[in-house]
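*Asks:* See my_file_28.cif below, with mmCIF, C-alpha atoms.
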data_coords
loop_
_atom_site.label_atom_id
_atom_site.label_comp_id
_atom_site.auth_asym_id
_atom_site.auth_seq_id
_atom_site.Cartn_x
_atom_site.Cartn_y
_atom_site.Cartn_z
CA MET A 741 -90.84 61.35 51.96
CA LYS A 742 -92.33 64.76 52.71
CA LEU A 743 -89.86 67.61 53.16
CA LEU A 744 -90.79 70.83 54.98
CA TYR A 745 -88.63 73.96 55.06
CA PHE A 746 -88.98 76.81 57.52
CA ALA A 747 -87.70 80.35 58.10
CA TRP A 748 -84.66 81.35 56.01
CA LEU A 749 -84.25 77.79 54.76
CA ARG A 750 -87.67 78.10 53.10
CA ALA A 751 -86.81 81.56 51.77
CA ARG A 752 -83.50 80.38 50.28
CA ILE A 753 -84.77 77.09 48.86
CA GLY A 754 -87.79 78.89 47.41
CA HIS A 755 -90.65 76.68 48.57
CA ALA A 756 -92.15 75.46 51.83
CA GLU A 757 -92.61 71.77 51.08
CA GLU A 758 -92.16 69.01 48.56
CA GLU A 759 -92.90 65.32 48.26
CA LEU A 760 -90.04 63.16 46.99
CA PRO A 761 -89.40 59.46 46.62
CA LEU A 762 -86.63 58.42 48.98
CA PRO A 763 -83.35 58.36 46.98
CA GLU A 764 -81.43 55.13 47.26
CA GLU A 765 -78.33 56.75 48.73
CA VAL A 766 -80.30 58.39 51.58
CA ARG A 767 -80.16 56.31 54.74
CA ASP A 768 -80.13 58.90 57.50
CA VAL A 769 -80.33 62.63 58.14
CA ALA A 770 -76.67 63.21 57.26
CA SER A 771 -76.97 61.54 53.86
CA LEU A 772 -80.27 63.35 53.19
CA LEU A 773 -78.64 66.74 53.82
CA LYS A 774 -75.74 65.80 51.57
CA TRP A 775 -78.08 64.68 48.80
CA LEU A 776 -80.28 67.80 49.09
CA GLY A 777 -77.24 70.06 48.92
CA ARG A 778 -76.54 68.70 45.45
CA ARG A 779 -80.06 69.33 44.08
CA GLY A 780 -79.25 72.80 42.78
CA PRO A 781 -77.75 76.18 43.59
CA ARG A 782 -80.62 77.23 45.88
CA TYR A 783 -80.29 74.07 47.96
CA ALA A 784 -76.51 74.37 47.98
CA ASP A 785 -76.80 77.94 49.26
CA ALA A 786 -79.40 77.10 51.93
CA LEU A 787 -77.42 74.08 53.18
CA ARG A 788 -73.95 75.61 52.98
CA ASP A 789 -73.53 75.84 56.75
CA LEU A 790 -75.05 72.73 58.33
CA SER A 791 -74.12 73.88 61.84
CA VAL A 792 -77.19 76.16 61.72
CA VAL A 793 -79.57 73.55 60.28
CA ARG A 794 -81.81 71.58 62.65
CA VAL A 795 -83.80 68.53 61.56
CA ALA A 796 -87.01 66.93 62.80
CA VAL A 797 -88.23 63.54 61.60
CA ASN A 798 -91.95 62.98 62.13
CA GLN A 799 -92.01 66.12 64.29
CA GLU A 800 -89.26 65.04 66.71
CA TYR A 801 -85.83 66.68 66.88
CA VAL A 802 -83.23 64.18 65.73
CA GLY A 803 -79.47 63.90 65.27
CA ARG A 804 -77.57 63.40 62.03
CA ASP A 805 -77.43 59.61 62.36
CA TYR A 806 -81.21 59.22 62.70
CA PRO A 807 -82.63 56.96 59.94
CA VAL A 808 -84.86 58.45 57.24
CA ARG A 809 -87.47 56.21 55.63
CA ASP A 810 -89.93 56.61 52.80
CA GLY A 811 -93.15 58.10 54.14
CA ASP A 812 -91.35 60.14 56.80
CA GLU A 813 -92.06 63.81 57.34
CA VAL A 814 -88.73 65.63 57.53
CA GLY A 815 -88.57 69.26 58.68
CA LEU A 816 -85.49 71.41 58.06
CA PHE A 817 -85.07 74.71 59.89
CA PRO A 818 -82.65 77.02 61.70
CA PRO A 819 -82.35 77.08 65.52
CA VAL A 820 -85.69 78.22 66.96
CA THR A 821 -86.31 81.82 68.07
CA GLY A 822 -89.80 81.87 69.61
CA GLY A 823 -91.03 83.14 72.96
CA MET B 1104 -103.70 74.05 78.10
CA ILE B 1105 -101.91 74.97 74.87
CA ARG B 1106 -103.10 77.50 72.31
CA VAL B 1107 -101.30 78.54 69.13
CA GLN B 1108 -103.16 81.39 67.50
CA ARG B 1109 -102.93 84.46 65.31
CA GLU B 1110 -105.23 86.58 67.51
CA ASP B 1111 -104.26 88.61 70.54
CA PHE B 1112 -105.33 87.51 74.04
CA ASP B 1113 -106.64 89.29 77.12
CA VAL B 1114 -104.16 88.62 79.94
CA GLY B 1115 -106.55 89.50 82.77
CA ARG B 1116 -109.29 87.30 81.42
CA GLU B 1117 -106.95 84.37 80.82
CA LEU B 1118 -105.52 84.55 84.36
CA ASP B 1119 -109.00 84.82 85.90
CA ARG B 1120 -110.16 81.82 83.92
CA LEU B 1121 -107.11 79.75 84.88
CA ALA B 1122 -107.87 79.98 88.59
CA ALA B 1123 -111.67 80.09 88.38
CA GLY B 1124 -113.54 77.53 90.44
CA ASP B 1125 -110.53 75.99 92.18
CA HIS B 1126 -110.19 77.45 95.66
CA ALA B 1127 -107.17 75.30 96.47
CA ILE B 1128 -105.15 77.61 94.21
CA GLY B 1129 -103.13 80.05 96.28
CA GLY B 1130 -101.31 81.85 93.49
CA VAL B 1131 -101.07 82.41 89.76
CA ALA B 1132 -97.73 83.26 88.13
CA SER B 1133 -97.49 84.63 84.62
CA PHE B 1134 -95.04 85.76 81.96
CA VAL B 1135 -96.03 87.90 78.98
CA GLY B 1136 -93.58 88.20 76.09
CA LEU B 1137 -93.77 91.33 73.91
CA VAL B 1138 -92.35 92.27 70.52
CA ARG B 1139 -89.39 94.51 71.10
CA ASP B 1140 -87.32 96.58 68.75
CA MET B 1141 -84.05 94.65 68.92
CA GLY B 1142 -82.00 97.45 67.46
CA GLY B 1143 -79.35 96.47 64.94
CA PRO B 1144 -79.12 97.92 61.46
CA GLY B 1145 -82.43 99.38 60.25
CA GLN B 1146 -85.32 100.08 62.59
CA VAL B 1147 -87.72 97.18 63.19
CA SER B 1148 -91.21 98.07 62.01
CA ALA B 1149 -92.75 94.63 62.55
CA LEU B 1150 -92.02 90.98 63.10
CA THR B 1151 -93.41 87.86 61.50
CA LEU B 1152 -93.57 84.70 63.57
CA GLU B 1153 -93.53 81.49 61.60
CA HIS B 1154 -94.06 78.07 63.18
CA TYR B 1155 -94.27 74.38 62.34
CA PRO B 1156 -98.00 73.53 62.63
CA GLY B 1157 -98.46 70.20 64.34
CA MET B 1158 -94.97 70.00 65.78
CA THR B 1159 -95.47 73.30 67.65
CA GLU B 1160 -98.52 72.01 69.50
CA LYS B 1161 -96.78 68.70 70.17
CA LYS B 1162 -93.64 70.32 71.63
CA LEU B 1163 -95.64 72.79 73.73
CA ALA B 1164 -97.77 69.95 75.14
CA GLU B 1165 -94.59 68.01 76.02
CA ILE B 1166 -93.10 71.06 77.75
CA GLU B 1167 -96.32 71.59 79.70
CA ALA B 1168 -96.44 67.92 80.70
CA GLU B 1169 -92.83 68.16 81.93
CA ALA B 1170 -93.69 71.22 84.07
CA ASN B 1171 -96.63 69.34 85.56
CA LYS B 1172 -94.35 66.42 86.36
CA ARG B 1173 -91.84 68.64 88.16
CA TRP B 1174 -94.20 70.87 90.15
CA PRO B 1175 -97.61 70.38 91.79
CA LEU B 1176 -99.60 72.65 89.47
CA SER B 1177 -103.35 73.08 89.66
CA ALA B 1178 -103.51 74.54 86.16
CA SER B 1179 -101.22 75.81 83.40
CA LEU B 1180 -101.63 77.73 80.18
CA VAL B 1181 -99.38 78.55 77.23
CA ILE B 1182 -100.63 80.83 74.47
CA HIS B 1183 -98.21 81.56 71.61
CA ARG B 1184 -99.10 83.79 68.69
CA TYR B 1185 -97.89 83.61 65.10
CA GLY B 1186 -98.19 85.91 62.09
CA ARG B 1187 -97.31 89.58 61.76
CA LEU B 1188 -96.82 91.50 65.02
CA GLU B 1189 -95.68 95.03 65.77
CA PRO B 1190 -93.43 96.35 68.55
CA GLY B 1191 -95.35 96.32 71.82
CA ASP B 1192 -97.68 93.50 70.72
CA ARG B 1193 -98.03 90.43 72.94
CA ILE B 1194 -96.34 87.27 71.58
CA VAL B 1195 -96.66 84.73 74.34
CA LEU B 1196 -98.41 84.12 77.65
CA VAL B 1197 -97.27 81.51 80.14
CA ALA B 1198 -99.36 81.12 83.29
CA THR B 1199 -99.26 78.60 86.10
CA ALA B 1200 -101.46 78.13 89.14
CA SER B 1201 -100.62 76.23 92.30
CA PRO B 1202 -101.56 76.07 95.97
CA HIS B 1203 -98.21 77.74 96.75
CA ARG B 1204 -96.21 80.47 95.01
CA GLU B 1205 -92.89 78.60 94.78
CA ALA B 1206 -94.25 75.97 92.39
CA ALA B 1207 -96.18 78.51 90.31
CA LEU B 1208 -93.21 80.88 89.92
CA ALA B 1209 -90.64 78.16 89.21
CA ALA B 1210 -92.86 76.35 86.71
CA CYS B 1211 -93.64 79.60 84.89
CA HIS B 1212 -89.92 80.40 84.60
CA PHE B 1213 -89.20 76.85 83.44
CA LEU B 1214 -91.93 76.96 80.79
CA ILE B 1215 -90.78 80.19 79.13
CA ASP B 1216 -87.10 79.16 79.20
CA TRP B 1217 -87.80 75.72 77.77
CA LEU B 1218 -90.29 77.03 75.20
CA LYS B 1219 -87.70 79.44 73.82
CA THR B 1220 -85.32 76.63 72.88
CA ASP B 1221 -87.75 73.79 72.10
CA ALA B 1222 -90.87 75.19 70.44
CA PRO B 1223 -90.45 75.48 66.64
CA PHE B 1224 -91.05 79.21 66.12
CA TRP B 1225 -88.93 81.62 64.07
CA LYS B 1226 -88.95 85.40 64.05
CA ALA B 1227 -88.28 87.48 60.96
CA GLU B 1228 -87.91 91.22 61.51
CA GLU B 1229 -89.10 93.72 58.96
CA THR B 1230 -86.49 96.44 58.88
CA SER B 1231 -85.92 99.48 56.69
CA GLN B 1232 -83.26 97.32 54.99
CA GLY B 1233 -85.55 94.35 54.36
CA GLU B 1234 -86.31 91.04 56.08
CA ARG B 1235 -83.91 89.81 58.74
CA TRP B 1236 -84.24 86.44 60.49
CA VAL B 1237 -83.54 86.64 64.21
CA GLU B 1238 -80.64 84.46 65.32
CA ALA B 1239 -80.87 82.10 68.28
CA ARG B 1240 -79.13 83.32 71.43
CA ALA B 1241 -76.59 81.20 73.29
CA GLU B 1242 -78.01 82.60 76.56
CA ASP B 1243 -81.35 80.93 75.79
CA ASP B 1244 -79.70 77.53 75.35
CA GLU B 1245 -77.86 78.13 78.60
CA ALA B 1246 -81.12 78.93 80.43
CA THR B 1247 -82.72 75.69 79.25
CA ARG B 1248 -79.64 73.64 80.08
CA ARG B 1249 -79.91 74.88 83.65
CA TRP B 1250 -83.35 73.26 83.97
CA ARG B 1251 -82.17 70.06 82.32
CA GLY B 1252 -79.40 69.78 84.86
CA ASP B 1253 -76.70 69.39 82.17
#
Kindly return the structure encoded in the file as structure tokens.
*Replies:*
Amino acid sequence: MKLLYFAWLRARIGHAEEELPLPEEVRDVASLLKWLGRRGPRYADALRDLSVVRVAVNQEYVGRDYPVRDGDEVGLFPPVTGG
Amino acid sequence: MIRVQREDFDVGRELDRLAAGDHAIGGVASFVGLVRDMGGPGQVSALTLEHYPGMTEKKLAEIEAEANKRWPLSASLVIHRYGRLEPGDRIVLVATASPHREAALAACHFLIDWLKTDAPFWKAEETSQGERWVEARAEDDEATRRWRGD
């Protein structure tokens, strides 16, 4: 699984991307966020308020119950502010 | 056509090119977004636009395809910049061409509204007090919802 972080999520976590084997307990987006939040203080800080965290799996916006599989590209970012 | 680029663009040249060679086009509508000093604590000296390479192009192409499905457009163009920009700099150009003005104007409005809530871009302001990430506005979500018919 490839994880990509953008905007203040990247700044708080401290890096833009990482490649991780899919943990056994991670089935969907919700369980991935929960697992990531326990990886250390930087992750815990970045993922403290999940209401401002959006997720894309393989470059499509998805909800919290969307399945996450090994080999997926998962992007984590705040609500977009382009234009 | 979709372009995501660091460089500036020439609005006049882009609009000319959009309509060139197609004499069925009766009008070209355009929107140009500029970097503005949003106020707040600490003056904004510049802005950095970050995006999600790959997904940005994909979402913009989907938005453009949706506009072409809804209105009879002869041509359309979205250029969105990324990187460091200063107040007054151009960020985005949306342009649409159609035989009639109604379709061109409506599609242009639709594209900029939809782009603001769907294209994965983020703005960080450089202020005298350090970096500040711009927060999403509820009004933008509202504007897109209107087009969705929610």
*Asks:* Kindly assemble as CSV a list of the chain A residues that lie within 9 Å of chain B, each paired with its nearest atom pair and their distance in Å to one decimal, using all atoms listed in the file, sorted first by chain and then by ascending residue number.
*Replies:*
residue,atom,partner,partner_atom,distance
A:Leu744,CA,B:Tyr1155,CA,8.9
A:Phe746,CA,B:Tyr1155,CA,7.6
A:Ala747,CA,B:Trp1225,CA,6.2
A:Trp748,CA,B:Trp1236,CA,6.8
A:Asn798,CA,B:Met1158,CA,8.5
A:Gln799,CA,B:Met1158,CA,5.1
A:Glu800,CA,B:Met1158,CA,7.6
A:Gly815,CA,B:Tyr1155,CA,8.5
A:Phe817,CA,B:Pro1223,CA,8.7
A:Pro818,CA,B:Trp1225,CA,8.1
A:Pro819,CA,B:Ala1239,CA,5.9
A:Val820,CA,B:Pro1223,CA,5.5
A:Thr821,CA,B:Trp1225,CA,4.8
A:Gly822,CA,B:Phe1224,CA,4.6
A:Gly823,CA,B:Lys1219,CA,5.1
*Asks:* Taking all atoms of segment 753-757 of chain A that the file lists and extending 6 Å past them on each side, where is the centre of the axis-aligned box and how long are its edges? Answer in Å to one decimal, as JSON.
*Replies:*
{"center_x": -88.7, "center_y": 75.3, "center_z": 49.6, "size_x": 19.8, "size_y": 19.1, "size_z": 16.4}
*Asks:* Quick check on the file I pasted: which residues fall under the PyMOL selection byres ((chain A and resi 808) around 6)? Write them as a PDB file with C-alpha atoms, keeping the file's coordinate frame.
*Replies:*
ATOM      1  CA  ARG A 767     -80.160  56.310  54.740  1.00  0.00           C
ATOM      2  CA  ASP A 768     -80.130  58.900  57.500  1.00  0.00           C
ATOM      3  CA  PRO A 807     -82.630  56.960  59.940  1.00  0.00           C
ATOM      4  CA  ARG A 809     -87.470  56.210  55.630  1.00  0.00           C
TER       5      ARG A 809
END
*Asks:* Interatomic distance between atom CA of Gly1186 of chain B and atom CA of Leu760 of chain A?
*Replies:*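 Spanning atom CA of Gly1186 of chain B to atom CA of Leu760 of chain A is a straight-line distance of 28.5 Å.
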*Asks:* From the options B:Gly1233, B:Gly1115, B:Gly1252, B:Pro1202, which residue's atoms come nearest to Leu1150 of chain B, counting all atoms listed in the file?
*Replies:*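 Under the stated criterion, the closest residue is B:Gly1233.
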*Asks:* Mind pulling up the distance from atom CA of Pro1190 of chain B to atom CA of Ser1148 of chain B?
*Replies:*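 Atom CA of Pro1190 of chain B lies at a distance of 7.1 Å from atom CA of Ser1148 of chain B.
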*Asks:* Can you translate the PyMOL selection byres ((chain A and resi 769) around 7) into the concrete residues it hits in this file, as number ranges by chain?
*Replies:* A: 768, 770-773, 804-808
*Asks:* So which residues get picked by the PyMOL selection byres ((chain A and resi 782) around 8) here, written as a ChimeraX atom specification?
*Replies:* /A:752-754,780-781,783-786
*Asks:* What's the separation between atom CA of Leu816 of chain A and atom CA of Leu776 of chain A, in Å to one decimal place?
*Replies:*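 Computed distance, atom CA of Leu816 of chain A to atom CA of Leu776 of chain A, equals 11.0 Å.
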*Asks:* Ranking A:Arg779, A:Val792, A:Lys742, A:Val797 by minimum distance to Glu759 of chain A and counting all atoms listed in the file, which one comes first?
*Replies:*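 Comparing A:Arg779, A:Val792, A:Lys742, A:Val797 against Glu759 of chain A, the winner is A:Lys742.
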*Asks:* Of the candidates B:Ser1133, B:Leu1176, B:Gln1232, B:Glu1189, which one gets nearest to His1203 of chain B if we count all atoms listed in the file?
*Replies:*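 Among B:Ser1133, B:Leu1176, B:Gln1232, B:Glu1189, it is B:Leu1176 that comes nearest to His1203 of chain B.
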*Asks:* Pick from B:Asn1171, B:Thr1151, B:Ser1177, B:Thr1230: nearest to Arg1204 of chain B, with all atoms listed in the file counted?
*Replies:*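 Nearest to Arg1204 of chain B: B:Ser1177.
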*Asks:* Of the residues A:Gly803, A:Leu787, A:Gly811, A:Ala796, which is the one nearest to Leu749 of chain A, using all atoms listed in the file?
*Replies:*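 The answer is A:Leu787, which sits nearest to Leu749 of chain A.
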*Asks:* Of the candidates B:Ala1210, B:Ala1164, B:Ala1132, B:Gly1124, which one gets nearest to Met1104 of chain B if we count all atoms listed in the file?
*Replies:*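 The answer is B:Ala1164, which sits nearest to Met1104 of chain B.
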*Asks:* With N, CA and C atoms as the goal, would you fill in the gaps in segment 747-781 of chain A and present it as a PDB file, in the frame of the given file?
*Replies:*
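So the final result, stored in selection-v7.pdb, reads:
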ATOM      1  N   ALA A 747     -88.498  79.131  57.875  1.00  0.00           N
ATOM      2  CA  ALA A 747     -87.700  80.350  58.100  1.00  0.00           C
ATOM      3  C   ALA A 747     -86.773  80.622  56.906  1.00  0.00           C
ATOM      4  N   TRP A 748     -85.508  80.973  57.159  1.00  0.00           N
ATOM      5  CA  TRP A 748     -84.660  81.350  56.010  1.00  0.00           C
ATOM      6  C   TRP A 748     -84.310  80.166  55.121  1.00  0.00           C
ATOM      7  N   LEU A 749     -84.473  78.958  55.635  1.00  0.00           N
ATOM      8  CA  LEU A 749     -84.250  77.790  54.760  1.00  0.00           C
ATOM      9  C   LEU A 749     -85.326  77.743  53.669  1.00  0.00           C
ATOM     10  N   ARG A 750     -86.561  78.043  54.064  1.00  0.00           N
ATOM     11  CA  ARG A 750     -87.670  78.100  53.100  1.00  0.00           C
ATOM     12  C   ARG A 750     -87.424  79.234  52.097  1.00  0.00           C
ATOM     13  N   ALA A 751     -87.029  80.394  52.639  1.00  0.00           N
ATOM     14  CA  ALA A 751     -86.810  81.560  51.770  1.00  0.00           C
ATOM     15  C   ALA A 751     -85.704  81.277  50.745  1.00  0.00           C
ATOM     16  N   ARG A 752     -84.626  80.638  51.194  1.00  0.00           N
ATOM     17  CA  ARG A 752     -83.500  80.380  50.280  1.00  0.00           C
ATOM     18  C   ARG A 752     -83.803  79.255  49.289  1.00  0.00           C
ATOM     19  N   ILE A 753     -84.465  78.215  49.758  1.00  0.00           N
ATOM     20  CA  ILE A 753     -84.770  77.090  48.860  1.00  0.00           C
ATOM     21  C   ILE A 753     -85.877  77.497  47.874  1.00  0.00           C
ATOM     22  N   GLY A 754     -86.789  78.349  48.330  1.00  0.00           N
ATOM     23  CA  GLY A 754     -87.790  78.890  47.410  1.00  0.00           C
ATOM     24  C   GLY A 754     -89.167  78.263  47.511  1.00  0.00           C
ATOM     25  N   HIS A 755     -89.319  77.227  48.320  1.00  0.00           N
ATOM     26  CA  HIS A 755     -90.650  76.680  48.570  1.00  0.00           C
ATOM     27  C   HIS A 755     -90.709  76.051  49.968  1.00  0.00           C
ATOM     28  N   ALA A 756     -91.951  75.881  50.448  1.00  0.00           N
ATOM     29  CA  ALA A 756     -92.150  75.460  51.830  1.00  0.00           C
ATOM     30  C   ALA A 756     -92.157  73.945  52.000  1.00  0.00           C
ATOM     31  N   GLU A 757     -92.576  73.231  50.951  1.00  0.00           N
ATOM     32  CA  GLU A 757     -92.610  71.770  51.080  1.00  0.00           C
ATOM     33  C   GLU A 757     -92.563  71.071  49.741  1.00  0.00           C
ATOM     34  N   GLU A 758     -92.167  69.827  49.779  1.00  0.00           N
ATOM     35  CA  GLU A 758     -92.160  69.010  48.560  1.00  0.00           C
ATOM     36  C   GLU A 758     -92.226  67.528  48.960  1.00  0.00           C
ATOM     37  N   GLU A 759     -92.751  66.752  48.038  1.00  0.00           N
ATOM     38  CA  GLU A 759     -92.900  65.320  48.260  1.00  0.00           C
ATOM     39  C   GLU A 759     -91.929  64.624  47.309  1.00  0.00           C
ATOM     40  N   LEU A 760     -91.042  63.808  47.846  1.00  0.00           N
ATOM     41  CA  LEU A 760     -90.040  63.160  46.990  1.00  0.00           C
ATOM     42  C   LEU A 760     -89.936  61.685  47.322  1.00  0.00           C
ATOM     43  N   PRO A 761     -89.690  60.853  46.307  1.00  0.00           N
ATOM     44  CA  PRO A 761     -89.400  59.460  46.620  1.00  0.00           C
ATOM     45  C   PRO A 761     -88.030  59.394  47.302  1.00  0.00           C
ATOM     46  N   LEU A 762     -87.886  58.503  48.242  1.00  0.00           N
ATOM     47  CA  LEU A 762     -86.630  58.420  48.980  1.00  0.00           C
ATOM     48  C   LEU A 762     -85.501  57.950  48.047  1.00  0.00           C
ATOM     49  N   PRO A 763     -84.459  58.786  47.841  1.00  0.00           N
ATOM     50  CA  PRO A 763     -83.350  58.360  46.980  1.00  0.00           C
ATOM     51  C   PRO A 763     -82.607  57.177  47.615  1.00  0.00           C
ATOM     52  N   GLU A 764     -82.069  56.336  46.779  1.00  0.00           N
ATOM     53  CA  GLU A 764     -81.430  55.130  47.260  1.00  0.00           C
ATOM     54  C   GLU A 764     -80.270  55.395  48.221  1.00  0.00           C
ATOM     55  N   GLU A 765     -79.524  56.470  47.922  1.00  0.00           N
ATOM     56  CA  GLU A 765     -78.330  56.750  48.730  1.00  0.00           C
ATOM     57  C   GLU A 765     -78.667  57.380  50.091  1.00  0.00           C
ATOM     58  N   VAL A 766     -79.935  57.757  50.306  1.00  0.00           N
ATOM     59  CA  VAL A 766     -80.300  58.390  51.580  1.00  0.00           C
ATOM     60  C   VAL A 766     -80.701  57.347  52.603  1.00  0.00           C
ATOM     61  N   ARG A 767     -79.901  57.281  53.666  1.00  0.00           N
ATOM     62  CA  ARG A 767     -80.160  56.310  54.740  1.00  0.00           C
ATOM     63  C   ARG A 767     -80.543  57.025  56.033  1.00  0.00           C
ATOM     64  N   ASP A 768     -79.911  58.171  56.255  1.00  0.00           N
ATOM     65  CA  ASP A 768     -80.130  58.900  57.500  1.00  0.00           C
ATOM     66  C   ASP A 768     -80.142  60.401  57.217  1.00  0.00           C
ATOM     67  N   VAL A 769     -80.242  61.180  58.284  1.00  0.00           N
ATOM     68  CA  VAL A 769     -80.330  62.630  58.140  1.00  0.00           C
ATOM     69  C   VAL A 769     -79.076  63.194  57.451  1.00  0.00           C
ATOM     70  N   ALA A 770     -77.921  62.709  57.849  1.00  0.00           N
ATOM     71  CA  ALA A 770     -76.670  63.210  57.260  1.00  0.00           C
ATOM     72  C   ALA A 770     -76.645  63.005  55.748  1.00  0.00           C
ATOM     73  N   SER A 771     -77.014  61.799  55.302  1.00  0.00           N
ATOM     74  CA  SER A 771     -76.970  61.540  53.860  1.00  0.00           C
ATOM     75  C   SER A 771     -78.083  62.287  53.124  1.00  0.00           C
ATOM     76  N   LEU A 772     -79.201  62.552  53.800  1.00  0.00           N
ATOM     77  CA  LEU A 772     -80.270  63.350  53.190  1.00  0.00           C
ATOM     78  C   LEU A 772     -79.785  64.787  52.949  1.00  0.00           C
ATOM     79  N   LEU A 773     -79.129  65.365  53.955  1.00  0.00           N
ATOM     80  CA  LEU A 773     -78.640  66.740  53.820  1.00  0.00           C
ATOM     81  C   LEU A 773     -77.608  66.842  52.698  1.00  0.00           C
ATOM     82  N   LYS A 774     -76.768  65.829  52.606  1.00  0.00           N
ATOM     83  CA  LYS A 774     -75.740  65.800  51.570  1.00  0.00           C
ATOM     84  C   LYS A 774     -76.388  65.731  50.186  1.00  0.00           C
ATOM     85  N   TRP A 775     -77.380  64.859  50.074  1.00  0.00           N
ATOM     86  CA  TRP A 775     -78.080  64.680  48.800  1.00  0.00           C
ATOM     87  C   TRP A 775     -78.830  65.955  48.399  1.00  0.00           C
ATOM     88  N   LEU A 776     -79.526  66.570  49.378  1.00  0.00           N
ATOM     89  CA  LEU A 776     -80.280  67.800  49.090  1.00  0.00           C
ATOM     90  C   LEU A 776     -79.356  68.930  48.635  1.00  0.00           C
ATOM     91  N   GLY A 777     -78.201  69.006  49.254  1.00  0.00           N
ATOM     92  CA  GLY A 777     -77.240  70.060  48.920  1.00  0.00           C
ATOM     93  C   GLY A 777     -76.774  70.006  47.476  1.00  0.00           C
ATOM     94  N   ARG A 778     -76.974  68.860  46.854  1.00  0.00           N
ATOM     95  CA  ARG A 778     -76.540  68.700  45.450  1.00  0.00           C
ATOM     96  C   ARG A 778     -77.699  68.872  44.461  1.00  0.00           C
ATOM     97  N   ARG A 779     -78.886  69.243  44.975  1.00  0.00           N
ATOM     98  CA  ARG A 779     -80.060  69.330  44.080  1.00  0.00           C
ATOM     99  C   ARG A 779     -80.103  70.613  43.257  1.00  0.00           C
ATOM    100  N   GLY A 780     -79.234  71.560  43.548  1.00  0.00           N
ATOM    101  CA  GLY A 780     -79.250  72.800  42.780  1.00  0.00           C
ATOM    102  C   GLY A 780     -78.645  73.929  43.577  1.00  0.00           C
ATOM    103  N   PRO A 781     -78.423  75.061  42.923  1.00  0.00           N
ATOM    104  CA  PRO A 781     -77.750  76.180  43.590  1.00  0.00           C
ATOM    105  C   PRO A 781     -78.511  76.718  44.802  1.00  0.00           C
TER     106      PRO A 781
END
